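Worksheet: one structure, shown below.
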Amino acid sequence: MSFSAIIGTGGYLPDRVVSNAELARTVDTSDEWIRSRTGIRERRVAAPDESTCDMAEQAARGAIAAAGLSPADLDFIVVATSTPDLIYPSTACLLQKRLGIRNGGVAFDVQAVCSGFVYATGIADQFIRAGTARHALVVGADANSKILDWSDRSTCVLFGDGAGAIVMGASDRPGVYLTRLHADGNYAHLLEVPSGVSRPSADPHIRMHGAEVFKLAVNIMGDLVEETLAAAGFETTDVDWLIPHQANERIISATARKLRMDMGRVIVTLDRHGNTSGASIPLALDTGIRDGRVRRGELLLLEAVGGGFTWGSVLLRY
Ligand code: UT7
């Protein structure tokens, strides 16, 4: 039996740092409110001419180098993003071209908002297990700053820009044990950008009912981690690292409490970049691996919830 495993990771954050204090000069908020309600200290904002594909390329090149591969080795590229460069072609096709790949394999985008990276990883895992892909590049990248209403304090303090990437390859041992993916479109109105192509509106910005999203996220995450471990036959004590979507430190610590995990075994990076949507999990994973906390052979639980609503998890041995 064949499994998929992570063989390289990469991450990228734009240069421009926007502190809580800087935001407090333009909207009615404070560093104290943002830090105590969310855990965020600062976020990164892409340059006016910097796109999702620009960020994705940086993260992808880091992951490909870490895997010891060259772009030509990739036969599967999936980009999880809610902020594509264009309506089409997909950001994955733009990225494939940037990487200099000709006559490549599969390239497409996944739109599952903040759960996009776990969705994309689950899809890549299926292709590798089935033997139809050998080396998959999975990228999570979002330029949230481009769809924020910078005068809305209930959203503009929460989000940031960035990209994270992994390269997955076939392995005779897990690797990925399982992925659990879910959605419930009945919650669509709680977190949305209420404008599109076939149903345009005057409001192309992120709108969120924060308190409702918060409550749902805490409940969903708690149930999801229990469901994931039970399905794979692991105990909470087997998990070495929880690598959660980075939206709010209070949601993360509630999930850790449910798992009875000490916060020392949770990778938290949102203080430095806020909620980067699809990029948040691969950025946290790359940070934990590059700073030496996450080691080969350890059991990792990745979990996310986001607009849609969508939610999902990946349980894997690194
Ligand atoms: O990626 C997945 C999607 N996103 C999330 O997971 C985010 C989920 N939600 C949250 O993280 C939290 O609900 C927030 C951080 C957005 C808000 O925290 P909260 O503790 O739920 O606050 P709240 O929405 O209940 O608002 C409390 C007060 C309100 O004032 P009143 O009505 O009590 O007078 C807000 O108007 O805080 C006010 N407020 C702010 N005050 C200062 C809202 N935003 C701000 C702000 N600065 N930036």
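Labeling convention for the structure tokens: chains A, B, ... as they appear, residues from 1 per chain, ligands from 1 in order of appearance.
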Using only C-alpha atoms, which residues sit within 10 Å of segment 90-101 of chain A once same-chain residues fewer than 2 positions away are excluded, as a ChimeraX atom specification? /A:51-57,60-61,70-81,83-88,103-110,137-139,141
Hey, could you make a per-residue contact list for chain A against ligand 1 with 8 Å as the cut-off, showing the nearest pair of atoms and its distance in Å to one decimal, counting only C-alpha atoms and all ligand atoms, sorted by chain and number, as a tab-separated table?
residue	atom	partner	partner_atom_place_in_ligand_line	distance
A:Val27	CA	ligand 1	48 (N)	7.7
A:Asp28	CA	ligand 1	47 (N)	6.1
A:Thr29	CA	ligand 1	47 (N)	3.6
A:Ser30	CA	ligand 1	47 (N)	6.0
A:Trp33	CA	ligand 1	42 (C)	5.6
A:Ile34	CA	ligand 1	48 (N)	6.1
A:Arg37	CA	ligand 1	15 (C)	5.3
A:Thr38	CA	ligand 1	15 (C)	5.2
A:Val113	CA	ligand 1	1 (O)	7.8
A:Cys114	CA	ligand 1	1 (O)	5.3
A:Arg153	CA	ligand 1	48 (N)	4.3
A:Ser154	CA	ligand 1	44 (N)	3.8
A:Thr155	CA	ligand 1	16 (C)	6.8
A:Cys156	CA	ligand 1	48 (N)	7.4
A:Val157	CA	ligand 1	48 (N)	5.7
A:Leu158	CA	ligand 1	15 (C)	7.1
A:Leu191	CA	ligand 1	3 (C)	7.1
A:Met208	CA	ligand 1	4 (N)	7.6
A:His209	CA	ligand 1	24 (O)	7.4
A:Gly210	CA	ligand 1	13 (O)	3.7
A:Ala211	CA	ligand 1	13 (O)	3.9
A:Glu212	CA	ligand 1	13 (O)	7.0
A:Val213	CA	ligand 1	8 (C)	4.9
A:Phe214	CA	ligand 1	8 (C)	3.9
A:Lys215	CA	ligand 1	8 (C)	7.7
A:Ala217	CA	ligand 1	6 (O)	6.2
A:His245	CA	ligand 1	1 (O)	7.2
A:Gln246	CA	ligand 1	1 (O)	7.2
A:Ala247	CA	ligand 1	1 (O)	4.8
A:Asn248	CA	ligand 1	11 (O)	5.0
A:Arg250	CA	ligand 1	11 (O)	7.7
A:Ile251	CA	ligand 1	6 (O)	7.3
A:Asn275	CA	ligand 1	1 (O)	6.3
A:Ser277	CA	ligand 1	1 (O)	5.9
A:Ala304	CA	ligand 1	2 (C)	8.0
A:Val305	CA	ligand 1	2 (C)	5.8
A:Gly306	CA	ligand 1	2 (C)	4.4
A:Gly307	CA	ligand 1	3 (C)	6.6
Gly175 of chain A environment, 7 Å, only C-alpha atoms, sequence neighbours closer than 2 positions dropped, as a list in words: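 Skipping anything fewer than 2 positions along the chain leaves Phe3, Ser4, Ala5, Ile6, Arg173, Tyr177, Leu316, Arg317 and Tyr318 of chain A.
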Just to confirm, what's the straight-line distance from atom CA of Ile40 of chain A to atom CA of His189 of chain A in Å (one decimal)?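 That distance, rounded to one decimal, is 24.8 Å.
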Report, in Å to a single decimal, how far apart atom CA of Arg16 of chain A and atom CA of Ser280 of chain A are.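 Result for atom CA of Ser280 of chain A versus atom CA of Arg16 of chain A: 17.4 Å, one decimal.
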For atom CA of Thr9 of chain A and atom CA of Lys258 of chain A, determine how far apart the two atoms are, in Å to one decimal place. 28.2 Å
When distances are computed from only C-alpha atoms, which of A:Ile243, A:Leu315, A:Leu301, A:Ile220 shows the smallest separation from Pro282 of chain A?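 Of all the options, A:Ile243 lies closest to Pro282 of chain A.
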Write down as a PyMOL selection string the residues belonging to segment 72-298 of chain A that are assigned strand (DSSP E) by DSSP computed on the backbone. chain A and resi 76-80+106-110+135-143+161-171+176-183+191-192+207-208+241-244
Okay, now the selection with N, CA and C atoms, as a compact mmCIF listing (two decimals), in the first residue's frame?
# COMPACT_ATOMS: atom_id res chain seq x y z
N PHE A 76 1.71 17.49 -9.97
CA PHE A 76 0.41 17.84 -9.38
C PHE A 76 0.60 19.14 -8.61
N ILE A 77 -0.16 20.17 -8.98
CA ILE A 77 -0.07 21.45 -8.26
C ILE A 77 -1.48 21.88 -7.88
N VAL A 78 -1.68 22.10 -6.59
CA VAL A 78 -2.97 22.62 -6.15
C VAL A 78 -2.70 23.83 -5.27
N VAL A 79 -3.43 24.92 -5.55
CA VAL A 79 -3.31 26.14 -4.75
C VAL A 79 -4.64 26.38 -4.04
N ALA A 80 -4.59 26.42 -2.73
CA ALA A 80 -5.78 26.77 -1.94
C ALA A 80 -5.77 28.28 -1.76
N VAL A 106 -1.44 17.77 -13.39
CA VAL A 106 -2.63 18.48 -12.90
C VAL A 106 -2.25 19.82 -12.27
N ALA A 107 -3.04 20.88 -12.56
CA ALA A 107 -2.88 22.16 -11.85
C ALA A 107 -4.25 22.80 -11.72
N PHE A 108 -4.66 23.06 -10.49
CA PHE A 108 -5.98 23.68 -10.27
C PHE A 108 -6.02 24.33 -8.88
N ASP A 109 -7.01 25.20 -8.68
CA ASP A 109 -7.19 25.86 -7.38
C ASP A 109 -8.31 25.17 -6.59
N VAL A 110 -8.22 25.30 -5.28
CA VAL A 110 -9.28 24.85 -4.39
C VAL A 110 -9.78 26.08 -3.62
N HIS A 135 4.72 13.49 -7.19
CA HIS A 135 5.18 14.61 -6.36
C HIS A 135 4.17 15.74 -6.47
N ALA A 136 3.51 16.04 -5.36
CA ALA A 136 2.46 17.06 -5.35
C ALA A 136 2.93 18.30 -4.61
N LEU A 137 2.70 19.45 -5.24
CA LEU A 137 2.95 20.74 -4.57
C LEU A 137 1.60 21.26 -4.09
N VAL A 138 1.48 21.46 -2.79
CA VAL A 138 0.23 21.95 -2.20
C VAL A 138 0.52 23.31 -1.57
N VAL A 139 -0.15 24.34 -2.07
CA VAL A 139 0.13 25.70 -1.61
C VAL A 139 -1.13 26.28 -1.00
N GLY A 140 -0.97 27.01 0.10
CA GLY A 140 -2.06 27.84 0.64
C GLY A 140 -1.58 29.28 0.56
N ALA A 141 -2.33 30.13 -0.13
CA ALA A 141 -1.86 31.52 -0.31
C ALA A 141 -3.05 32.46 -0.37
N ASP A 142 -2.97 33.55 0.37
CA ASP A 142 -4.06 34.53 0.32
C ASP A 142 -3.56 35.95 0.52
N ALA A 143 -4.12 36.83 -0.28
CA ALA A 143 -3.86 38.27 -0.18
C ALA A 143 -5.13 38.91 0.38
N ASP A 161 -1.72 38.79 5.03
CA ASP A 161 -1.35 38.14 3.76
C ASP A 161 -0.18 37.17 3.96
N GLY A 162 -0.10 36.15 3.12
CA GLY A 162 1.05 35.24 3.18
C GLY A 162 0.81 34.00 2.34
N ALA A 163 1.82 33.14 2.33
CA ALA A 163 1.73 31.88 1.58
C ALA A 163 2.56 30.81 2.29
N GLY A 164 2.07 29.58 2.24
CA GLY A 164 2.82 28.45 2.76
C GLY A 164 2.68 27.30 1.77
N ALA A 165 3.64 26.39 1.77
CA ALA A 165 3.60 25.30 0.78
C ALA A 165 4.22 24.03 1.35
N ILE A 166 3.73 22.90 0.84
CA ILE A 166 4.39 21.63 1.12
C ILE A 166 4.57 20.88 -0.20
N VAL A 167 5.59 20.02 -0.23
CA VAL A 167 5.71 19.05 -1.32
C VAL A 167 5.45 17.68 -0.70
N MET A 168 4.55 16.93 -1.33
CA MET A 168 4.23 15.59 -0.85
C MET A 168 4.71 14.56 -1.87
N GLY A 169 5.17 13.43 -1.36
CA GLY A 169 5.62 12.36 -2.24
C GLY A 169 5.10 11.02 -1.75
N ALA A 170 5.23 10.00 -2.59
CA ALA A 170 4.77 8.66 -2.22
C ALA A 170 5.71 8.06 -1.18
N SER A 171 5.13 7.25 -0.29
CA SER A 171 5.91 6.64 0.79
C SER A 171 5.31 5.28 1.10
N VAL A 176 0.48 10.58 5.72
CA VAL A 176 -0.89 10.94 6.06
C VAL A 176 -1.64 9.67 6.44
N TYR A 177 -2.21 9.67 7.68
CA TYR A 177 -3.08 8.56 8.09
C TYR A 177 -4.47 8.76 7.51
N LEU A 178 -5.01 9.95 7.75
CA LEU A 178 -6.32 10.24 7.16
C LEU A 178 -6.59 11.74 7.14
N THR A 179 -7.54 12.11 6.28
CA THR A 179 -8.05 13.47 6.27
C THR A 179 -9.55 13.39 6.48
N ARG A 180 -10.11 14.35 7.20
CA ARG A 180 -11.57 14.44 7.39
C ARG A 180 -11.99 15.81 6.86
N LEU A 181 -12.88 15.83 5.88
CA LEU A 181 -13.29 17.10 5.27
C LEU A 181 -14.81 17.24 5.37
N HIS A 182 -15.26 18.43 5.74
CA HIS A 182 -16.70 18.67 5.92
C HIS A 182 -17.09 20.04 5.38
N ALA A 183 -18.38 20.21 5.14
CA ALA A 183 -18.92 21.54 4.79
C ALA A 183 -20.39 21.60 5.17
N LEU A 191 -19.90 34.32 7.20
CA LEU A 191 -18.56 34.78 6.80
C LEU A 191 -18.52 34.75 5.28
N GLU A 192 -18.51 35.93 4.67
CA GLU A 192 -18.62 35.96 3.20
C GLU A 192 -18.00 37.22 2.62
N ARG A 207 -17.02 40.14 5.10
CA ARG A 207 -18.00 40.50 6.12
C ARG A 207 -18.19 39.30 7.04
N MET A 208 -18.17 39.55 8.33
CA MET A 208 -18.21 38.41 9.26
C MET A 208 -19.05 38.74 10.49
N TRP A 241 2.14 17.33 18.01
CA TRP A 241 1.91 18.75 17.72
C TRP A 241 0.54 18.98 17.13
N LEU A 242 -0.16 19.94 17.71
CA LEU A 242 -1.39 20.46 17.09
C LEU A 242 -0.99 21.67 16.26
N ILE A 243 -1.36 21.63 14.96
CA ILE A 243 -1.02 22.74 14.07
C ILE A 243 -2.33 23.27 13.50
N PRO A 244 -2.94 24.21 14.24
CA PRO A 244 -4.29 24.66 13.89
C PRO A 244 -4.30 25.84 12.93
To test your reading of the structure, identify every residue in segment 81-214 of chain A that backbone DSSP assigns to helix (DSSP H, G or I), and report it as a PyMOL selection string. chain A and resi 91-98+113-129+144-147+153-156+185-190+210-214
Show me, as a PDB file with C-alpha atoms, in the first residue's frame, the residues that have an atom within 6 Å of segment 229-238 of chain A when counting only C-alpha atoms, minus same-chain residues fewer than 2 positions from it.
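Output file selection.pdb follows:
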ATOM      1  CA  GLU A 226     -12.081  13.928  18.578  1.00  0.00           C
ATOM      2  CA  GLU A 227     -13.604  12.487  15.377  1.00  0.00           C
ATOM      3  CA  LEU A 259      -7.359  17.566  23.537  1.00  0.00           C
TER       4      LEU A 259
END
Give me, as a list in words, all polymer residues having an atom no more than 8 Å from Ser145 of chain A, counting only C-alpha atoms and skipping those fewer than 2 positions away in the same chain.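 Counting only the stated atoms, we get Val45, Ala46, Ala143, Ile147, Leu148, Phe159, Gly160 and Asp161 of chain A.
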Deliver the residues from the most recent selection as a file, using all heavy atoms, as a PDB file, in the first residue's frame.
ATOM      1  N   VAL A  45       1.244  42.823   5.038  1.00  0.00           N
ATOM      2  CA  VAL A  45       0.386  43.286   3.951  1.00  0.00           C
ATOM      3  C   VAL A  45       1.192  43.287   2.648  1.00  0.00           C
ATOM      4  O   VAL A  45       2.290  43.867   2.587  1.00  0.00           O
ATOM      5  CB  VAL A  45      -0.190  44.686   4.268  1.00  0.00           C
ATOM      6  CG1 VAL A  45      -0.890  45.277   3.053  1.00  0.00           C
ATOM      7  CG2 VAL A  45      -1.170  44.597   5.435  1.00  0.00           C
ATOM      8  N   ALA A  46       0.652  42.639   1.640  1.00  0.00           N
ATOM      9  CA  ALA A  46       1.325  42.564   0.333  1.00  0.00           C
ATOM     10  C   ALA A  46       1.460  43.957  -0.274  1.00  0.00           C
ATOM     11  O   ALA A  46       0.612  44.837  -0.059  1.00  0.00           O
ATOM     12  CB  ALA A  46       0.525  41.657  -0.599  1.00  0.00           C
ATOM     13  N   ALA A 143      -4.122  36.832  -0.285  1.00  0.00           N
ATOM     14  CA  ALA A 143      -3.863  38.271  -0.180  1.00  0.00           C
ATOM     15  C   ALA A 143      -5.126  38.913   0.383  1.00  0.00           C
ATOM     16  O   ALA A 143      -5.861  39.622  -0.313  1.00  0.00           O
ATOM     17  CB  ALA A 143      -3.504  38.844  -1.551  1.00  0.00           C
ATOM     18  N   ILE A 147      -9.094  42.364  -0.057  1.00  0.00           N
ATOM     19  CA  ILE A 147     -10.566  42.285   0.057  1.00  0.00           C
ATOM     20  C   ILE A 147     -11.032  42.710   1.453  1.00  0.00           C
ATOM     21  O   ILE A 147     -12.141  42.379   1.877  1.00  0.00           O
ATOM     22  CB  ILE A 147     -11.097  40.871  -0.288  1.00  0.00           C
ATOM     23  CG1 ILE A 147     -10.374  39.782   0.507  1.00  0.00           C
ATOM     24  CG2 ILE A 147     -11.007  40.605  -1.784  1.00  0.00           C
ATOM     25  CD1 ILE A 147     -11.054  38.414   0.442  1.00  0.00           C
ATOM     26  N   LEU A 148     -10.176  43.428   2.179  1.00  0.00           N
ATOM     27  CA  LEU A 148     -10.576  43.946   3.493  1.00  0.00           C
ATOM     28  C   LEU A 148     -11.163  45.337   3.343  1.00  0.00           C
ATOM     29  O   LEU A 148     -10.700  46.128   2.511  1.00  0.00           O
ATOM     30  CB  LEU A 148      -9.364  44.030   4.424  1.00  0.00           C
ATOM     31  CG  LEU A 148      -8.949  42.757   5.143  1.00  0.00           C
ATOM     32  CD1 LEU A 148      -7.642  42.995   5.906  1.00  0.00           C
ATOM     33  CD2 LEU A 148     -10.034  42.280   6.105  1.00  0.00           C
ATOM     34  N   PHE A 159      -7.058  40.015   9.772  1.00  0.00           N
ATOM     35  CA  PHE A 159      -6.510  39.259   8.638  1.00  0.00           C
ATOM     36  C   PHE A 159      -5.158  39.794   8.178  1.00  0.00           C
ATOM     37  O   PHE A 159      -4.817  40.953   8.415  1.00  0.00           O
ATOM     38  CB  PHE A 159      -7.500  39.271   7.471  1.00  0.00           C
ATOM     39  CG  PHE A 159      -8.771  38.511   7.760  1.00  0.00           C
ATOM     40  CD1 PHE A 159      -9.868  39.152   8.323  1.00  0.00           C
ATOM     41  CD2 PHE A 159      -8.846  37.154   7.505  1.00  0.00           C
ATOM     42  CE1 PHE A 159     -11.040  38.451   8.604  1.00  0.00           C
ATOM     43  CE2 PHE A 159     -10.016  36.449   7.783  1.00  0.00           C
ATOM     44  CZ  PHE A 159     -11.111  37.098   8.331  1.00  0.00           C
ATOM     45  N   GLY A 160      -4.407  38.939   7.475  1.00  0.00           N
ATOM     46  CA  GLY A 160      -3.124  39.320   6.911  1.00  0.00           C
ATOM     47  C   GLY A 160      -2.860  38.513   5.651  1.00  0.00           C
ATOM     48  O   GLY A 160      -3.676  37.667   5.253  1.00  0.00           O
ATOM     49  N   ASP A 161      -1.719  38.786   5.029  1.00  0.00           N
ATOM     50  CA  ASP A 161      -1.352  38.138   3.764  1.00  0.00           C
ATOM     51  C   ASP A 161      -0.175  37.175   3.964  1.00  0.00           C
ATOM     52  O   ASP A 161       0.679  37.407   4.836  1.00  0.00           O
ATOM     53  CB  ASP A 161      -0.921  39.194   2.742  1.00  0.00           C
ATOM     54  CG  ASP A 161      -2.012  40.204   2.453  1.00  0.00           C
ATOM     55  OD1 ASP A 161      -3.199  39.890   2.689  1.00  0.00           O
ATOM     56  OD2 ASP A 161      -1.680  41.312   1.982  1.00  0.00           O
TER      57      ASP A 161
END
Find the residues around Glu32 of chain A up to 12 Å (only C-alpha atoms counted), leave out those fewer than 4 positions away in its own chain, and share them as a VMD selection string. chain A and resid 19 to 21 24 36 to 41
Selection to disk with N, CA and C atoms, as a compact mmCIF listing (two decimals), in the first residue's frame:
# COMPACT_ATOMS: atom_id res chain seq x y z
N SER A 19 1.44 47.05 12.43
CA SER A 19 1.25 46.75 13.86
C SER A 19 -0.17 47.11 14.28
N ASN A 20 -0.56 46.60 15.45
CA ASN A 20 -1.87 46.98 16.01
C ASN A 20 -1.92 48.49 16.24
N ALA A 21 -0.81 49.06 16.71
CA ALA A 21 -0.77 50.51 16.98
C ALA A 21 -1.02 51.30 15.69
N ALA A 24 -4.64 51.29 14.99
CA ALA A 24 -5.38 52.12 15.96
C ALA A 24 -5.34 53.60 15.59
N SER A 36 -5.77 41.05 23.39
CA SER A 36 -6.50 40.25 24.37
C SER A 36 -7.64 39.45 23.73
N ARG A 37 -8.28 39.96 22.65
CA ARG A 37 -9.39 39.23 22.03
C ARG A 37 -8.93 38.22 20.99
N THR A 38 -7.72 38.42 20.44
CA THR A 38 -7.32 37.54 19.32
C THR A 38 -5.92 36.93 19.46
N GLY A 39 -5.02 37.59 20.18
CA GLY A 39 -3.62 37.14 20.25
C GLY A 39 -2.74 37.74 19.15
N ILE A 40 -3.35 38.55 18.26
CA ILE A 40 -2.58 39.10 17.13
C ILE A 40 -1.83 40.37 17.56
N ARG A 41 -0.54 40.44 17.19
CA ARG A 41 0.26 41.65 17.48
C ARG A 41 0.51 42.47 16.22
I want to know what sits within 10 Å of Asp286 of chain A, based on only C-alpha atoms, with residues of the same chain fewer than 5 positions away left out; could you give that as a PyMOL selection string? chain A and resi 8-12+59+62-63+164-166+281+291-292+294
Take the residues that were just selected and, keeping all heavy atoms, output them as a short mmCIF file (atom, residue, chain, number, x, y, z; two decimals), in the first residue's frame.
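Written file, result_4.cif:
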data_model
loop_
_atom_site.label_atom_id
_atom_site.label_comp_id
_atom_site.auth_asym_id
_atom_site.auth_seq_id
_atom_site.Cartn_x
_atom_site.Cartn_y
_atom_site.Cartn_z
N GLY A 8 8.90 18.31 1.99
CA GLY A 8 9.50 19.65 2.06
C GLY A 8 8.45 20.69 2.36
O GLY A 8 7.28 20.51 1.99
N THR A 9 8.84 21.76 3.05
CA THR A 9 7.90 22.85 3.36
C THR A 9 8.55 24.20 3.05
O THR A 9 9.78 24.32 3.05
CB THR A 9 7.47 22.85 4.84
OG1 THR A 9 8.61 23.16 5.65
CG2 THR A 9 6.88 21.53 5.27
N GLY A 10 7.71 25.20 2.82
CA GLY A 10 8.22 26.57 2.60
C GLY A 10 7.18 27.58 3.04
O GLY A 10 5.99 27.25 3.18
N GLY A 11 7.62 28.80 3.28
CA GLY A 11 6.69 29.85 3.70
C GLY A 11 7.17 31.20 3.23
O GLY A 11 8.36 31.39 2.95
N TYR A 12 6.22 32.12 3.09
CA TYR A 12 6.57 33.48 2.67
C TYR A 12 5.60 34.48 3.30
O TYR A 12 4.39 34.26 3.29
CB TYR A 12 6.50 33.61 1.14
CG TYR A 12 6.65 35.04 0.69
CD1 TYR A 12 7.91 35.64 0.64
CD2 TYR A 12 5.54 35.83 0.37
CE1 TYR A 12 8.05 36.97 0.26
CE2 TYR A 12 5.67 37.15 -0.01
CZ TYR A 12 6.93 37.72 -0.06
OH TYR A 12 7.07 39.04 -0.42
N ALA A 59 6.85 30.74 -1.54
CA ALA A 59 6.65 29.60 -0.63
C ALA A 59 6.93 28.28 -1.36
O ALA A 59 7.57 27.37 -0.81
CB ALA A 59 5.23 29.61 -0.08
N GLY A 62 10.62 27.53 -1.81
CA GLY A 62 11.20 27.07 -0.54
C GLY A 62 10.91 25.60 -0.30
O GLY A 62 11.78 24.83 0.12
N ALA A 63 9.65 25.19 -0.55
CA ALA A 63 9.26 23.80 -0.31
C ALA A 63 9.94 22.84 -1.28
O ALA A 63 10.36 21.74 -0.91
CB ALA A 63 7.73 23.67 -0.41
N GLY A 164 2.07 29.58 2.24
CA GLY A 164 2.82 28.45 2.76
C GLY A 164 2.68 27.30 1.77
O GLY A 164 1.70 27.25 1.01
N ALA A 165 3.64 26.39 1.77
CA ALA A 165 3.60 25.30 0.78
C ALA A 165 4.22 24.03 1.35
O ALA A 165 5.09 24.09 2.23
CB ALA A 165 4.36 25.72 -0.48
N ILE A 166 3.73 22.90 0.84
CA ILE A 166 4.39 21.63 1.12
C ILE A 166 4.57 20.88 -0.20
O ILE A 166 3.81 21.09 -1.14
CB ILE A 166 3.60 20.74 2.13
CG1 ILE A 166 2.20 20.39 1.58
CG2 ILE A 166 3.50 21.40 3.48
CD1 ILE A 166 1.44 19.39 2.46
N ILE A 281 -2.10 27.37 8.01
CA ILE A 281 -1.56 26.09 8.50
C ILE A 281 -0.18 25.80 7.90
O ILE A 281 0.76 25.46 8.64
CB ILE A 281 -2.56 24.94 8.26
CG1 ILE A 281 -3.74 25.11 9.22
CG2 ILE A 281 -1.89 23.58 8.46
CD1 ILE A 281 -4.82 24.06 9.09
N ASP A 291 12.21 25.92 12.78
CA ASP A 291 12.84 26.29 14.07
C ASP A 291 13.17 25.06 14.91
O ASP A 291 13.61 25.18 16.06
CB ASP A 291 12.00 27.34 14.82
CG ASP A 291 10.68 26.77 15.38
OD1 ASP A 291 10.53 25.55 15.50
OD2 ASP A 291 9.80 27.60 15.68
N GLY A 292 12.96 23.86 14.36
CA GLY A 292 13.44 22.63 15.01
C GLY A 292 12.49 22.02 16.02
O GLY A 292 12.79 20.98 16.61
N VAL A 294 9.30 20.78 15.37
CA VAL A 294 8.66 19.61 14.75
C VAL A 294 9.73 18.74 14.12
O VAL A 294 10.51 19.21 13.28
CB VAL A 294 7.63 20.06 13.68
CG1 VAL A 294 7.02 18.85 12.97
CG2 VAL A 294 6.55 20.92 14.31
#
